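Below is one structure, written out as structure tokens; comments come after it.
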Amino acid sequence: MVGLATVFGAGGGTSSYEEVAAADVIVMWGSNARNAHPIFFHHVLRAVDRGARLYVVDPRRSETAAFADRWLGLEVGTDIALANTIAREILHAGLVHPDFVTRATTGFDEFAASVEDWTLERGSAVTGVPADDIRELAHAYAGAGAAQLCWTLGITEHHNGVDNVLSLCNLALLTGQVGRYGAGLSPLRGQNNVQGGGDMGALPDKLPGFQDVADAGARSRFEREWSAPVPPRKGWHLTQMFDAMERGDLRSVLVIGENPARSEADVSRAVRLLEGLDHLVVLDIHLTRTAELADVVLPGSASWCESDGTVTNSERRVQRVRKSLDPPGDARDDIDILLDLADRLGHRWHYDSHEAIWDEVRRLSPMHAGMSWRRLDDLGGIQWPCPSDDALEPPFLHGRLWAEDPRERGRPAPFNVVRHDPPAEALSDEFPLRLTTGRRLDSYNTGVQSGGFPSPNRRGETVDVSPDDARSLDLADGDVVRISSARGTVHAPVRVDPGLRAGLVFMTFHFADEVDVNQLTIDATDPKAGTAEFKAAAVRIDKLVGDQPSPPPSAGADLGVGEPWT
Ligand SMILES: Nc1nc2c(c(=O)[nH]1)N[C@H]1C(S)=C(S)[C@@H](COP(=O)(O)OP(=O)(O)OC[C@H]3O[C@@H](n4cnc5c(=O)[nH]c(N)nc54)[C@H](O)[C@@H]3O)O[C@H]1N2
Ligand SMILES: Nc1nc2c(c(=O)[nH]1)N[C@H]1C(S)=C(S)[C@@H](COP(=O)(O)OP(=O)(O)OC[C@H]3O[C@@H](n4cnc5c(=O)[nH]c(N)nc54)[C@H](O)[C@@H]3O)O[C@H]1N2
Ligand SMILES: [Mo]
């Protein structure tokens with residue numbers, strides 16, 4: 001979102017799902033949507049059924065790549081090299097959209113000069129992708145009537161995630177594949193309401209509606225409504241909070257609906273810092289590993305179907321959720337718990353209803369102003385921006401960039417020079433393998449919400465290795481191995497995956513209570529977005545011989561698709 005905001009001024013996906021289904025070329029870059037965004041992927045497949053070409057850029061031949069016309073299997077962390085090579089090919093093949101570049105962008109000359117070294121040969125050598133495949137993608141993307149470029153964590157979860165995003169934005173600016181029906185940039189959001197969280201100001205430097213805390217005018221509107229001062233100082237990202245704990249500047253933390261004692265990179269450090277806090281409070285619907293470390297647990301908050309409110313999805317569509325079940329036992333709505341907390345802290349927050357809370361959002365966030373609950377009901381959801389009661393939803397963002405009149409066009413979108421920058425941790429003799437981590441279809445994040453009930457297809461954690469590495473390390477399916485990085489060690493059974501290239505290893509973090517994968521990951525973070533490099537650590541694998549620690553029960557025992565997970 002930081003990258004998109006830098007280029008276009010707004011941190012949201014540009015297109016609606018309907019437009020994805022209408023695109024002629026779709027590039028899924030570092031995104032395994034078949035597993036992680038199945039609803040969105042359904043729209044991709046509708047486009048494919050209509051004859052759209054699908055490209056997948058992923059180091060693994062992922063479940064999504066299985067549907068692709070072409071899979072570009074690059075080395076982990078070489079996305080900028082690939083994007084710059086594609087850009088140079090577009091430039092040299094005369095496929096730039098000259099009108100769009102002249103009218104709507106800045107910094108073209110400097111950018112064009114910066115990619116001049118990225119010949120197909122060099123790009124292919126650095127990324128490991130055949131030159132013909134790079135050329136094909138460049139021509140298909142630039143030549144498409146409407147192309148969608150979609151990405152997720154394979155792009156963002158790197159120490160240079162923002163630069164990765166900027167390198168993709170450059171491709172859209174070169175070719176004019178943005179701001180038109182069907183053409184756009186779609187970063188898919190992770191959790192169901194993570195877009196909504198950002199929209200409501202759950203970012204260190206933003207008030208609701210992406211209004212800057214540094215903007216005195218915006219602050220004073222909130223101060224009037226709230227009768228309280230709004231601090232102008234930028235807050236901390238999650239990763240900065242852990243650094244602040246280490247320095248002793250952060251002593252007390254309230255965690256709401258997050259399990260950092262499992263989900264943080266270099267998690268032993270995270271646990272040590274959480275344990276060292278003066279005061280840790282956890283508000284969750286489950287007793288998580290993080291809750292076990294807490295001084296106070298506020299248990300049994302109501303889950304999404306047990307309360308009212310809104311969620312916002314990846315296409316910026318705000319939809320209502322309604323209470324359909326009573327929460328069990330003493331469980332209460334999260335908002336009621338927060339209102340009580342505010343009360344104890346000496347602030348009187350009073351709302352008659354959930355709708356009254358939403359109406360406050362509409363008064364303070366211009367992009368939500370036209371979304372009354374009534375209209376949300378009538379229309380079944382509305383995309384932002386929706387500034388007034390009669391505003392019709394815009395299907396896509398940044399159409400202004402195509403306007404003839406420079407006043408309507410507004411601020412041009414800058415090209416950004418970005419340089420190839422390999423993963424923070426280089427491979428070495430001690431740690432010669434590249435570990436990347438990610439998701440499966442049938443499990444969810446740290447496993448808190450998916451581990452507690454049986455699923456017919458779920459198998460426990462495995463370490464997926466390439467057939468080449470299995471041969472050289474003398475490993476077979478089910479062999480329990482020790483996986484180590486400079487930070488920690490875990491044990492897991494091997495699964496040989498023909499979709500992996502030599503040197504690449506894959507694990508999930510879904511079974512973290514049995515195999516705590518984030519013991520291995522590195523907390524190198526992007527300075528601009530604060531995102532950790534979950535996608536690239538250096539590890540070694542040792543086969544266990546003789547009397548070695550037995551594998552964690554669920555990890556070893558239920559290897560094999562089709563066996564119930566208990
Ligand atoms: N079933 C299921 N769905 C989920 C979730 C879940 O846990 N389970 N979690 C949700 C959340 S919070 C999120 S954020 C999303 C995440 O959704 P995705 O980002 O699609 O999920 P991941 O599997 O983490 O990573 C995507 C792909 O990035 C690739 N990758 C790794 N390194 C690189 C690289 O250097 N370059 C490129 N181009 N690709 C790379 C991996 O091989 C992987 O296939 O999913 C959401 N949906
Ligand atoms: N190795 C590795 N680690 C990763 C990643 C990776 O790709 N690889 N991905 C990272 C990413 S993208 C993400 S998003 C994080 C996810 O990391 P977390 O957010 O820490 O993991 P979850 O398991 O999704 O935890 C969500 C918690 O919210 C609680 N919850 C659910 N609904 C409600 C509710 O209505 N109210 C309250 N109060 N609580 C609720 C659940 O019980 C659960 O404990 O993990 C990160 N960690
Ligand atoms: Mo996520």
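Letters for chains follow the order of the structure tokens (A, B, ...), residue numbers begin at 1 for each chain, and ligand numbers begin at 1 in the order shown.
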
task = Write out as a PyMOL selection string each polymer residue (protein, DNA or RNA) that has an atom no more than 6 Å from ligand 1, with only C-alpha atoms and all ligand atoms counted.
result = chain A and resi 29-33+35-37+57-60+62+76-77+79+152-155+190-191+436+438-445+535

Could you dump the residues just selected with N, CA and C atoms as a short mmCIF file (atom, residue, chain, number, x, y, z; two decimals), in the first residue's frame?
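Result file is out_21.cif:
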```
data_model
loop_
_atom_site.label_atom_id
_atom_site.label_comp_id
_atom_site.auth_asym_id
_atom_site.auth_seq_id
_atom_site.Cartn_x
_atom_site.Cartn_y
_atom_site.Cartn_z
N TRP A 29 1.53 -12.15 -9.71
CA TRP A 29 2.98 -12.01 -9.43
C TRP A 29 3.20 -12.21 -7.93
N GLY A 30 3.85 -13.32 -7.57
CA GLY A 30 4.08 -13.59 -6.14
C GLY A 30 2.79 -13.80 -5.38
N SER A 31 1.81 -14.37 -6.05
CA SER A 31 0.48 -14.55 -5.45
C SER A 31 -0.03 -15.95 -5.79
N ASN A 32 -0.35 -16.70 -4.75
CA ASN A 32 -0.88 -18.05 -4.95
C ASN A 32 -2.39 -18.02 -4.70
N ALA A 33 -3.09 -17.29 -5.55
CA ALA A 33 -4.51 -16.99 -5.29
C ALA A 33 -5.38 -18.24 -5.30
N ASN A 35 -4.87 -20.84 -3.79
CA ASN A 35 -4.94 -21.26 -2.39
C ASN A 35 -5.47 -20.16 -1.48
N ALA A 36 -4.94 -18.94 -1.68
CA ALA A 36 -5.11 -17.91 -0.66
C ALA A 36 -6.27 -16.95 -0.96
N HIS A 37 -6.66 -16.83 -2.23
CA HIS A 37 -7.78 -15.96 -2.59
C HIS A 37 -8.69 -16.68 -3.57
N VAL A 57 4.08 -15.53 -11.88
CA VAL A 57 5.49 -15.29 -11.55
C VAL A 57 5.70 -15.73 -10.12
N ASP A 58 6.34 -16.87 -9.92
CA ASP A 58 6.46 -17.46 -8.58
C ASP A 58 7.64 -18.42 -8.61
N PRO A 59 8.50 -18.40 -7.59
CA PRO A 59 9.63 -19.34 -7.59
C PRO A 59 9.16 -20.80 -7.62
N ARG A 60 7.96 -21.06 -7.07
CA ARG A 60 7.43 -22.43 -7.06
C ARG A 60 6.41 -22.58 -8.19
N SER A 62 3.39 -23.20 -8.32
CA SER A 62 2.36 -23.23 -7.28
C SER A 62 1.06 -23.80 -7.84
N VAL A 76 13.99 -16.65 -5.80
CA VAL A 76 13.43 -15.80 -4.74
C VAL A 76 14.19 -14.47 -4.68
N GLY A 77 13.43 -13.38 -4.60
CA GLY A 77 14.06 -12.07 -4.39
C GLY A 77 14.66 -11.44 -5.64
N ASP A 79 12.63 -10.18 -8.16
CA ASP A 79 11.48 -9.59 -8.85
C ASP A 79 11.81 -8.26 -9.53
N THR A 152 0.78 -10.25 -4.30
CA THR A 152 0.60 -10.31 -2.85
C THR A 152 1.96 -10.50 -2.18
N LEU A 153 2.05 -11.48 -1.29
CA LEU A 153 3.20 -11.53 -0.39
C LEU A 153 4.52 -11.88 -1.04
N GLY A 154 4.48 -12.61 -2.18
CA GLY A 154 5.73 -12.91 -2.87
C GLY A 154 6.45 -11.63 -3.26
N ILE A 155 5.71 -10.54 -3.35
CA ILE A 155 6.25 -9.21 -3.65
C ILE A 155 6.52 -8.41 -2.37
N GLY A 190 -5.01 -9.57 2.58
CA GLY A 190 -4.86 -10.86 3.24
C GLY A 190 -6.06 -11.28 4.05
N GLN A 191 -6.26 -10.67 5.20
CA GLN A 191 -7.37 -11.06 6.05
C GLN A 191 -8.64 -10.38 5.56
N THR A 436 11.49 -20.40 1.62
CA THR A 436 10.40 -19.43 1.51
C THR A 436 9.18 -20.05 2.18
N GLY A 438 4.80 -19.93 3.12
CA GLY A 438 3.52 -19.46 2.58
C GLY A 438 2.36 -20.32 3.03
N ARG A 439 1.32 -20.36 2.20
CA ARG A 439 0.03 -20.86 2.64
C ARG A 439 -0.51 -22.06 1.87
N ARG A 440 -1.40 -22.78 2.53
CA ARG A 440 -2.17 -23.83 1.87
C ARG A 440 -3.64 -23.44 1.87
N LEU A 441 -4.39 -24.11 1.01
CA LEU A 441 -5.82 -23.81 0.88
C LEU A 441 -6.59 -24.12 2.17
N ASP A 442 -6.24 -25.23 2.83
CA ASP A 442 -7.13 -25.73 3.88
C ASP A 442 -6.72 -25.29 5.29
N SER A 443 -5.76 -24.37 5.41
CA SER A 443 -5.34 -23.91 6.73
C SER A 443 -5.24 -22.40 6.73
N TYR A 444 -5.22 -21.83 7.93
CA TYR A 444 -5.24 -20.37 8.01
C TYR A 444 -4.16 -19.87 8.97
N ASN A 445 -3.29 -19.05 8.44
CA ASN A 445 -2.25 -18.36 9.21
C ASN A 445 -1.64 -19.23 10.31
N LYS A 535 9.74 -14.22 3.23
CA LYS A 535 9.84 -15.02 2.02
C LYS A 535 11.27 -15.42 1.68
#
```

task = Write down as a VMD selection string the residues belonging to stretch 196-393 of chain A that are assigned helix (DSSP H, G or I) by DSSP computed on the backbone.
result = chain A and resid 196 to 199 208 to 210 216 to 226 238 to 247 260 to 263 267 to 275 289 to 292 304 to 306 334 to 344 354 to 364 366 to 368 373 to 379

Convert the current residue selection to file output with C-alpha atoms, as a tab-separated table (two decimals), in the first residue's frame.
```
chain	number	residue	atom	x	y	z
A	196	GLY	CA	-11.08	-1.94	6.26
A	197	GLY	CA	-8.55	-1.76	9.10
A	198	GLY	CA	-6.32	0.49	7.01
A	199	ASP	CA	-9.30	2.56	5.86
A	208	PRO	CA	-9.60	7.23	9.11
A	209	GLY	CA	-9.94	7.74	5.35
A	210	PHE	CA	-6.12	7.83	4.89
A	216	ALA	CA	-3.33	20.03	11.02
A	217	GLY	CA	-6.60	20.61	9.15
A	218	ALA	CA	-7.50	16.92	9.26
A	219	ARG	CA	-6.51	16.67	12.92
A	220	SER	CA	-8.69	19.60	13.92
A	221	ARG	CA	-11.79	18.00	12.33
A	222	PHE	CA	-11.20	14.90	14.47
A	223	GLU	CA	-10.44	16.98	17.55
A	224	ARG	CA	-13.76	18.80	17.20
A	225	GLU	CA	-15.72	15.56	16.83
A	226	TRP	CA	-13.85	13.80	19.63
A	238	LEU	CA	4.40	-3.67	14.27
A	239	THR	CA	8.06	-4.39	13.59
A	240	GLN	CA	9.08	-0.99	14.99
A	241	MET	CA	7.11	-1.85	18.14
A	242	PHE	CA	9.33	-4.85	18.73
A	243	ASP	CA	12.43	-2.67	18.26
A	244	ALA	CA	10.91	-0.22	20.77
A	245	MET	CA	10.36	-3.07	23.24
A	246	GLU	CA	14.02	-3.99	22.84
A	247	ARG	CA	15.09	-0.42	23.61
A	260	PRO	CA	2.53	-12.43	17.25
A	261	ALA	CA	4.11	-15.11	19.47
A	262	ARG	CA	3.64	-17.36	16.43
A	263	SER	CA	3.45	-15.04	13.43
A	267	VAL	CA	9.81	-15.46	16.69
A	268	SER	CA	12.12	-16.42	19.59
A	269	ARG	CA	13.11	-12.78	19.78
A	270	ALA	CA	9.46	-11.69	19.61
A	271	VAL	CA	8.49	-14.04	22.44
A	272	ARG	CA	11.41	-12.88	24.57
A	273	LEU	CA	10.37	-9.25	24.10
A	274	LEU	CA	6.69	-9.95	24.81
A	275	GLU	CA	7.71	-11.80	27.98
A	289	ARG	CA	0.24	-18.77	22.44
A	290	THR	CA	0.35	-14.97	22.75
A	291	ALA	CA	-2.48	-15.06	25.30
A	292	GLU	CA	-0.46	-17.57	27.32
A	304	TRP	CA	-17.58	-11.87	13.03
A	305	CYS	CA	-20.93	-13.64	12.73
A	306	GLU	CA	-21.80	-12.73	16.30
A	334	ASP	CA	-14.99	-6.42	20.63
A	335	ILE	CA	-16.38	-2.88	20.41
A	336	ASP	CA	-18.19	-3.23	23.76
A	337	ILE	CA	-14.94	-4.35	25.37
A	338	LEU	CA	-13.11	-1.38	23.82
A	339	LEU	CA	-15.81	1.06	24.95
A	340	ASP	CA	-15.50	-0.26	28.49
A	341	LEU	CA	-11.72	0.05	28.33
A	342	ALA	CA	-12.06	3.68	27.20
A	343	ASP	CA	-14.44	4.26	30.07
A	344	ARG	CA	-11.92	2.92	32.59
A	354	HIS	CA	-23.39	0.13	15.61
A	355	GLU	CA	-24.91	2.39	12.99
A	356	ALA	CA	-24.09	5.45	15.11
A	357	ILE	CA	-20.42	4.42	15.07
A	358	TRP	CA	-20.56	4.09	11.29
A	359	ASP	CA	-22.19	7.51	10.97
A	360	GLU	CA	-19.21	8.99	12.82
A	361	VAL	CA	-16.94	7.37	10.22
A	362	ARG	CA	-19.05	8.99	7.49
A	363	ARG	CA	-18.74	12.43	9.11
A	364	LEU	CA	-14.97	12.21	9.41
A	366	PRO	CA	-14.83	11.92	3.12
A	367	MET	CA	-14.36	8.76	1.06
A	368	HIS	CA	-17.03	7.02	3.15
A	373	TRP	CA	-26.18	1.74	6.11
A	374	ARG	CA	-29.37	2.13	4.08
A	375	ARG	CA	-27.41	2.54	0.83
A	376	LEU	CA	-25.01	-0.25	1.74
A	377	ASP	CA	-28.06	-2.49	2.20
A	378	ASP	CA	-29.78	-1.35	-0.98
A	379	LEU	CA	-26.70	-1.72	-3.17
```

message = Give me, as an MDAnalysis selection string, the residues of stretch 304-372 of chain A that a backbone DSSP run labels strand (DSSP E or B).
response = chainID A and resid 309:312 317:321 332

query = Suppose you want the space between atom 14 (S, counted along the ligand's line) of ligand 2 and atom CA of A:Ile39; what is it in Å?
reply =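 Rounded to one decimal, the two atoms are 17.9 Å apart.
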
query = Using only C-alpha atoms, which residues sit within 7 Å of stretch 513-517 of chain A once same-chain residues fewer than 2 positions away are excluded, as a ChimeraX atom specification?
reply = /A:461,490-492,509,511,519-520,552,555

Could you save the residues just selected, with all heavy atoms, as a PDB file, in the first residue's frame?
```
ATOM      1  N   GLU A 461       2.506 -30.098   9.050  1.00  0.00           N
ATOM      2  CA  GLU A 461       3.633 -29.385   8.428  1.00  0.00           C
ATOM      3  C   GLU A 461       4.579 -30.355   7.742  1.00  0.00           C
ATOM      4  O   GLU A 461       4.789 -31.479   8.213  1.00  0.00           O
ATOM      5  CB  GLU A 461       4.384 -28.592   9.509  1.00  0.00           C
ATOM      6  CG  GLU A 461       5.432 -27.643   8.953  1.00  0.00           C
ATOM      7  CD  GLU A 461       4.825 -26.544   8.092  1.00  0.00           C
ATOM      8  OE1 GLU A 461       4.663 -26.761   6.871  1.00  0.00           O
ATOM      9  OE2 GLU A 461       4.503 -25.477   8.640  1.00  0.00           O
ATOM     10  N   VAL A 490      13.999 -26.304  13.738  1.00  0.00           N
ATOM     11  CA  VAL A 490      12.743 -27.051  13.888  1.00  0.00           C
ATOM     12  C   VAL A 490      12.914 -28.409  13.223  1.00  0.00           C
ATOM     13  O   VAL A 490      13.865 -28.621  12.455  1.00  0.00           O
ATOM     14  CB  VAL A 490      11.535 -26.306  13.262  1.00  0.00           C
ATOM     15  CG1 VAL A 490      11.327 -24.938  13.894  1.00  0.00           C
ATOM     16  CG2 VAL A 490      11.670 -26.191  11.747  1.00  0.00           C
ATOM     17  N   HIS A 491      11.977 -29.308  13.518  1.00  0.00           N
ATOM     18  CA  HIS A 491      11.977 -30.622  12.871  1.00  0.00           C
ATOM     19  C   HIS A 491      10.683 -30.809  12.107  1.00  0.00           C
ATOM     20  O   HIS A 491       9.620 -30.404  12.589  1.00  0.00           O
ATOM     21  CB  HIS A 491      12.097 -31.739  13.918  1.00  0.00           C
ATOM     22  CG  HIS A 491      13.406 -31.717  14.641  1.00  0.00           C
ATOM     23  ND1 HIS A 491      13.630 -30.929  15.743  1.00  0.00           N
ATOM     24  CD2 HIS A 491      14.573 -32.358  14.384  1.00  0.00           C
ATOM     25  CE1 HIS A 491      14.886 -31.092  16.152  1.00  0.00           C
ATOM     26  NE2 HIS A 491      15.480 -31.950  15.344  1.00  0.00           N
ATOM     27  N   ALA A 492      10.771 -31.438  10.936  1.00  0.00           N
ATOM     28  CA  ALA A 492       9.559 -31.704  10.162  1.00  0.00           C
ATOM     29  C   ALA A 492       9.835 -32.821   9.165  1.00  0.00           C
ATOM     30  O   ALA A 492      10.991 -33.044   8.787  1.00  0.00           O
ATOM     31  CB  ALA A 492       9.120 -30.442   9.417  1.00  0.00           C
ATOM     32  N   PHE A 509       3.289 -21.840   7.843  1.00  0.00           N
ATOM     33  CA  PHE A 509       3.382 -21.549   9.287  1.00  0.00           C
ATOM     34  C   PHE A 509       2.048 -21.891   9.950  1.00  0.00           C
ATOM     35  O   PHE A 509       1.704 -21.360  10.984  1.00  0.00           O
ATOM     36  CB  PHE A 509       3.785 -20.098   9.524  1.00  0.00           C
ATOM     37  CG  PHE A 509       2.798 -19.050   9.053  1.00  0.00           C
ATOM     38  CD1 PHE A 509       2.286 -18.109   9.940  1.00  0.00           C
ATOM     39  CD2 PHE A 509       2.386 -18.994   7.747  1.00  0.00           C
ATOM     40  CE1 PHE A 509       1.376 -17.137   9.525  1.00  0.00           C
ATOM     41  CE2 PHE A 509       1.471 -18.021   7.309  1.00  0.00           C
ATOM     42  CZ  PHE A 509       0.975 -17.105   8.202  1.00  0.00           C
ATOM     43  N   PHE A 511       1.043 -24.744  11.252  1.00  0.00           N
ATOM     44  CA  PHE A 511       1.030 -25.730  12.341  1.00  0.00           C
ATOM     45  C   PHE A 511       2.041 -25.294  13.393  1.00  0.00           C
ATOM     46  O   PHE A 511       2.835 -26.075  13.912  1.00  0.00           O
ATOM     47  CB  PHE A 511       1.345 -27.124  11.773  1.00  0.00           C
ATOM     48  CG  PHE A 511       0.476 -27.448  10.590  1.00  0.00           C
ATOM     49  CD1 PHE A 511       0.897 -27.161   9.300  1.00  0.00           C
ATOM     50  CD2 PHE A 511      -0.799 -27.966  10.774  1.00  0.00           C
ATOM     51  CE1 PHE A 511       0.074 -27.395   8.212  1.00  0.00           C
ATOM     52  CE2 PHE A 511      -1.631 -28.205   9.688  1.00  0.00           C
ATOM     53  CZ  PHE A 511      -1.196 -27.923   8.404  1.00  0.00           C
ATOM     54  N   GLN A 519      10.734 -19.675  13.964  1.00  0.00           N
ATOM     55  CA  GLN A 519      12.059 -19.770  14.595  1.00  0.00           C
ATOM     56  C   GLN A 519      13.153 -19.567  13.551  1.00  0.00           C
ATOM     57  O   GLN A 519      14.268 -19.187  13.877  1.00  0.00           O
ATOM     58  CB  GLN A 519      12.260 -21.168  15.211  1.00  0.00           C
ATOM     59  CG  GLN A 519      11.244 -21.569  16.248  1.00  0.00           C
ATOM     60  CD  GLN A 519      11.619 -21.094  17.632  1.00  0.00           C
ATOM     61  OE1 GLN A 519      12.718 -20.608  17.841  1.00  0.00           O
ATOM     62  NE2 GLN A 519      10.690 -21.218  18.568  1.00  0.00           N
ATOM     63  N   LEU A 520      12.814 -19.899  12.290  1.00  0.00           N
ATOM     64  CA  LEU A 520      13.828 -19.879  11.229  1.00  0.00           C
ATOM     65  C   LEU A 520      13.887 -18.549  10.484  1.00  0.00           C
ATOM     66  O   LEU A 520      14.942 -18.154   9.987  1.00  0.00           O
ATOM     67  CB  LEU A 520      13.520 -20.975  10.190  1.00  0.00           C
ATOM     68  CG  LEU A 520      13.411 -22.405  10.708  1.00  0.00           C
ATOM     69  CD1 LEU A 520      12.949 -23.334   9.577  1.00  0.00           C
ATOM     70  CD2 LEU A 520      14.765 -22.879  11.246  1.00  0.00           C
ATOM     71  N   PRO A 552       7.425 -33.912  15.946  1.00  0.00           N
ATOM     72  CA  PRO A 552       6.208 -33.488  16.620  1.00  0.00           C
ATOM     73  C   PRO A 552       5.044 -34.348  16.139  1.00  0.00           C
ATOM     74  O   PRO A 552       4.975 -34.659  14.948  1.00  0.00           O
ATOM     75  CB  PRO A 552       6.045 -32.043  16.187  1.00  0.00           C
ATOM     76  CG  PRO A 552       6.980 -31.840  15.057  1.00  0.00           C
ATOM     77  CD  PRO A 552       8.026 -32.879  15.129  1.00  0.00           C
ATOM     78  N   ALA A 555       2.861 -33.465  13.058  1.00  0.00           N
ATOM     79  CA  ALA A 555       3.640 -33.215  11.856  1.00  0.00           C
ATOM     80  C   ALA A 555       4.017 -34.510  11.176  1.00  0.00           C
ATOM     81  O   ALA A 555       3.870 -34.667   9.974  1.00  0.00           O
ATOM     82  CB  ALA A 555       4.886 -32.428  12.214  1.00  0.00           C
TER      83      ALA A 555
END
```

ask   = Can you tell me which residues sit at most 6 Å away from ligand 2, counting only C-alpha atoms and all ligand atoms, written as a list in words?
value =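 The neighbouring residues of ligand 2 are, in order, Ile256, Gly257, Glu258, Asn259, Pro260, Ser263, Glu264, Leu283, Asp284, Ile285, His286, Thr288, Ser301, Ala302, Ser303, Trp304, Asp334, Thr437, Gly438, Asn445, Thr446, Gly447, Val448, Gln449, Phe509, Val517, Asn518 and Phe534 of chain A.
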
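Near stretch 317-325 of chain A, within 7 Å and counting only C-alpha atoms, sit Cys305, Glu306, Ser307, Asp308, Gly309, Thr310, Val311, Thr312, Asn313, Glu315, Pro327, Leu376, Gly380, Gly381, Ile382, Gln383 and Trp384 of chain A, not including residues fewer than 2 positions from it in the same chain.
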
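Minimum atom-to-atom distances from A:Val417, A:Val129, A:Val194, A:Ala486 to ligand 3 were compared using only C-alpha atoms and all ligand atoms, and the lowest value belongs to A:Val194.
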
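The space separating atom CA of A:Arg122 from atom CA of A:Pro187 comes to 27.8 Å.
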
Give me the residues near A:Val539 as a PDB file with N, CA, C and O atoms, in the first residue's frame, where near means some atom within 7 Å (using only C-alpha atoms) and where sequence neighbours in that chain fewer than 4 positions away do not count.
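Saved to out.pdb:
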```
ATOM      1  N   PHE A 431      24.531 -22.446   5.495  1.00  0.00           N
ATOM      2  CA  PHE A 431      23.089 -22.417   5.219  1.00  0.00           C
ATOM      3  C   PHE A 431      22.887 -22.272   3.711  1.00  0.00           C
ATOM      4  O   PHE A 431      22.657 -21.175   3.204  1.00  0.00           O
ATOM      5  N   PRO A 432      22.959 -23.386   2.980  1.00  0.00           N
ATOM      6  CA  PRO A 432      23.015 -23.304   1.511  1.00  0.00           C
ATOM      7  C   PRO A 432      21.659 -23.295   0.821  1.00  0.00           C
ATOM      8  O   PRO A 432      21.614 -23.174  -0.413  1.00  0.00           O
ATOM      9  N   LEU A 433      20.563 -23.442   1.562  1.00  0.00           N
ATOM     10  CA  LEU A 433      19.255 -23.556   0.901  1.00  0.00           C
ATOM     11  C   LEU A 433      18.414 -22.306   1.167  1.00  0.00           C
ATOM     12  O   LEU A 433      18.507 -21.693   2.232  1.00  0.00           O
ATOM     13  N   ARG A 434      17.556 -21.958   0.195  1.00  0.00           N
ATOM     14  CA  ARG A 434      16.676 -20.797   0.326  1.00  0.00           C
ATOM     15  C   ARG A 434      15.318 -21.277   0.829  1.00  0.00           C
ATOM     16  O   ARG A 434      14.629 -22.041   0.141  1.00  0.00           O
ATOM     17  N   LEU A 435      14.932 -20.829   2.031  1.00  0.00           N
ATOM     18  CA  LEU A 435      13.596 -21.164   2.558  1.00  0.00           C
ATOM     19  C   LEU A 435      12.626 -20.042   2.228  1.00  0.00           C
ATOM     20  O   LEU A 435      12.896 -18.871   2.522  1.00  0.00           O
ATOM     21  N   ILE A 483      15.727 -28.698  10.325  1.00  0.00           N
ATOM     22  CA  ILE A 483      15.905 -27.526   9.468  1.00  0.00           C
ATOM     23  C   ILE A 483      16.436 -26.421  10.378  1.00  0.00           C
ATOM     24  O   ILE A 483      15.820 -26.108  11.401  1.00  0.00           O
ATOM     25  N   SER A 484      17.580 -25.840  10.018  1.00  0.00           N
ATOM     26  CA  SER A 484      18.180 -24.816  10.878  1.00  0.00           C
ATOM     27  C   SER A 484      18.497 -23.565  10.079  1.00  0.00           C
ATOM     28  O   SER A 484      18.844 -23.638   8.899  1.00  0.00           O
ATOM     29  N   SER A 485      18.373 -22.434  10.765  1.00  0.00           N
ATOM     30  CA  SER A 485      18.849 -21.166  10.212  1.00  0.00           C
ATOM     31  C   SER A 485      19.746 -20.535  11.272  1.00  0.00           C
ATOM     32  O   SER A 485      19.942 -21.110  12.358  1.00  0.00           O
TER      33      SER A 485
END
```

request  = Do a neighbour search on A:Pro412 at 12 Å with only C-alpha atoms, toss out local chain neighbours closer than 3 positions, and write the hits as a PyMOL selection string.
outcome  = chain A and resi 6-9+100-108+173+398-403+406-409+415

ask   = Pick from A:Leu188, A:Ala470, A:Leu72, A:Val56: nearest to ligand 3, with only C-alpha atoms and all ligand atoms counted?
value =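 Of the candidates, the smallest distance to ligand 3 is held by A:Leu188.
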
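Proximity to ligand 3 was assessed for A:Asp469, A:Val96, A:Arg189, A:His139 counting only C-alpha atoms and all ligand atoms; the smallest distance is recorded for A:Arg189.
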
task = Could you please determine the separation between atom CA of A:Pro498 and atom CA of A:Met28 in Å, to one decimal place?
result =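 Between atom CA of A:Pro498 and atom CA of A:Met28 the gap works out to 20.7 Å.
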
key: Counting only C-alpha atoms, the residue of A:Pro328, A:Ala147, A:Gly123, A:Arg61 that sits nearest A:Arg180   =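 The closest residue to A:Arg180 is A:Ala147.
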
ask   = Using only C-alpha atoms, which of the listed residues (A:Asp295, A:Asp266, A:Glu110, A:Glu157) sits closest to A:Val253?
value =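 Among A:Asp295, A:Asp266, A:Glu110, A:Glu157, it is A:Asp295 that comes nearest to A:Val253.
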
ask   = Nearest to ligand 3 among A:Ala532, A:Pro422, A:Arg348, A:Pro98, with distances taken over only C-alpha atoms and all ligand atoms: which residue is it?
value =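 When distances to ligand 3 are compared using only C-alpha atoms and all ligand atoms, the smallest one comes from A:Ala532.
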